[in-house]
Structures are given as C-alpha cells and as structure tokens.
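All remarks here apply to the structure that follows.
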Amino acid sequence: MPHNSMISALAYRCVPAAAYASILLALFGAIAIAAQDRYTLQVPNGLAFADFRGYEDWQDVAVSQTETGIKVIVANPVMMEAFKSGLPSKGKLFPDGSKVAKIEWKFKRNTVSPYFVNVPDTLKSVSFIEKDLKRFPNTHGWAYAQFAYDAASDTFKPSVKGAECGFACHTKVAAQDYTFTAYPKR
C-alpha cells in the first residue's frame, strides 16, 4: 500500500473513533451543564440557599428523630457562640446573623451494627433559619426556608411560599427566642 493510501486508511478508521469521542464529550458536558446549582435557589421574598453556603461544615447543635426521618440541626459560629453562652433562655435573644440549617433524611436500620440503630438514608430536605431584625421585622427577626430534595433528579426546590412560613409554628417557643432546639450537654 502506498504511503498516502495508508494515511487515508488510518484517517478513515480514526474518524469514527473521534466522532464517538466528541459525542461522549458533548453528552457529559450537557449532563454537567444540566446539574442543578442549588445556590441559585431562593424562597419567594426570603432566604436563598446561597446565604447558607458552607452549612455542611457547621457545628452540630442537636439531632432528632421523627416517625419518618432523622434530622441534624447545625449552626453557624454566631449562633453556636450564643448557644454555648446559655441561649435560648428567657429574656435573652439570639444576635442578628444567627443561622441554623436543618438537614433531614429518611432513615433505615443499620444492618451491620451489633445493636439496633437507625441511620440516615435518602435526603428529604434542607431547611434554613436566619435572624436579621432589619430584614425580617414582622417575625421578630427570624426568617425560614425549606428546600425539598428529589433524589431521582438530584435537585432541590423551595417547599414553602415565603420567609414567614415557619413563624406560626415557632411562636409556640417565643420565650426561647422562637427556637425549638436547645444545645444539649456534652
């Protein structure tokens, strides 16, 4: 086979491989572009996911279990300092800038543990609470947001209609500056 013919034959064989590689790159690129940026989400007239960037690394306040889920409450450094100083307590208020994230999962039994224990399974939701008296004066400074998680699409969506949605529930604990969770002894 002459030299030019060999090059043409090799090029012909490589084109399908190059086309296949291009299709794969385009497909994976589209998947990466389609992935949700949760930090663009916001509750109408309220809190944005971006306002809580880094919540995954905040210190835990407490855990709780409901009939259908396990929750961990984490707080930013401002709120943790307040908790450690004895809040919530009657007459003492959390400072502006206090933030809490509540992460909730469905639970399952840990089948390898030598004793009965439930552990997190599928993520259900992420909720946020922030205190800012200037921004949210109608709710004693507190604003609320909840984002439901859809495991099938790996996406979040706001599941409340505004920053005041959690306030009615939290009025039950007004004497504790509208906070249900206490910092337990360790």
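To be explicit about the labels: the chains of the structure tokens are called A, B, and onward in the order shown, and within each one the residues are counted from 1, while ligands get numbers from 1 in the order they are shown.
Within region 30-169 of chain A, DSSP run on the backbone puts these residues in alpha helix (DSSP H): A:Ala30, A:Ile31, A:Ala32, A:Ile33, A:Ala34, A:Pro77, A:Val78, A:Met79, A:Met80, A:Glu81, A:Ala82, A:Phe83, A:Lys84, A:Phe167, A:Ala168, A:Cys169.
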Please provide the set of residues having any atom within 8 Å of Ser98 (chain A), restricted to only C-alpha atoms, with same-chain residues fewer than 4 positions apart removed, written as a PDB file with C-alpha atoms, in the first residue's frame.
ATOM      1  CA  ALA A  75     -25.452  26.321  63.346  1.00  0.00           C
ATOM      2  CA  ASN A  76     -23.047  28.956  62.117  1.00  0.00           C
ATOM      3  CA  PRO A  77     -20.376  30.301  64.515  1.00  0.00           C
ATOM      4  CA  VAL A  78     -22.548  33.295  65.581  1.00  0.00           C
ATOM      5  CA  MET A  79     -25.368  31.008  66.699  1.00  0.00           C
ATOM      6  CA  PHE A  94     -30.030  35.352  69.673  1.00  0.00           C
ATOM      7  CA  GLU A 130     -31.771  33.176  59.930  1.00  0.00           C
ATOM      8  CA  LYS A 131     -32.118  36.068  62.340  1.00  0.00           C
ATOM      9  CA  ASP A 132     -31.982  39.553  60.831  1.00  0.00           C
TER      10      ASP A 132
END
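When only C-alpha atoms are used to compute distances to Ile129 (chain A), the closest of the residues A:Ala151, A:Val74, A:Ala82, A:Val173 turns out to be A:Val74.
Atom pair CA of Leu93 (chain A) / CA of Thr66 (chain A): separated by 27.4 Å.
Atom pair CA of Glu104 (chain A) / CA of Pro120 (chain A): separated by 8.2 Å.
Here CA of Gln42 (chain A) and CA of Ala148 (chain A) stand 12.1 Å from one another.
Minimum distance to His170 (chain A) across A:Leu87, A:Tyr55, A:Lys185, A:Thr139 (counting only C-alpha atoms) occurs at A:Thr139.
Nearest to Phe49 (chain A) of all the residues A:Val117, A:Val63, A:Ala35, A:Ala145 is A:Ala145, based on only C-alpha atoms.
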Would you give me, as a PyMOL selection string, the residues in region 50-164 of chain A that DSSP reads as strand (DSSP E)?
chain A and resi 59-65+70-75+99-109+118-131+142-150+155-158
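Distance annotation: of A:Leu133, A:Val126, A:Ile73, A:Ala143, the residue with the minimal separation from Phe180 (chain A) is A:Ile73; atom set is only C-alpha atoms.
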Nearest to Pro158 (chain A) among A:Ser89, A:Gln59, A:Thr40, A:Asn118, with distances taken over only C-alpha atoms: which residue is it?
A:Thr40
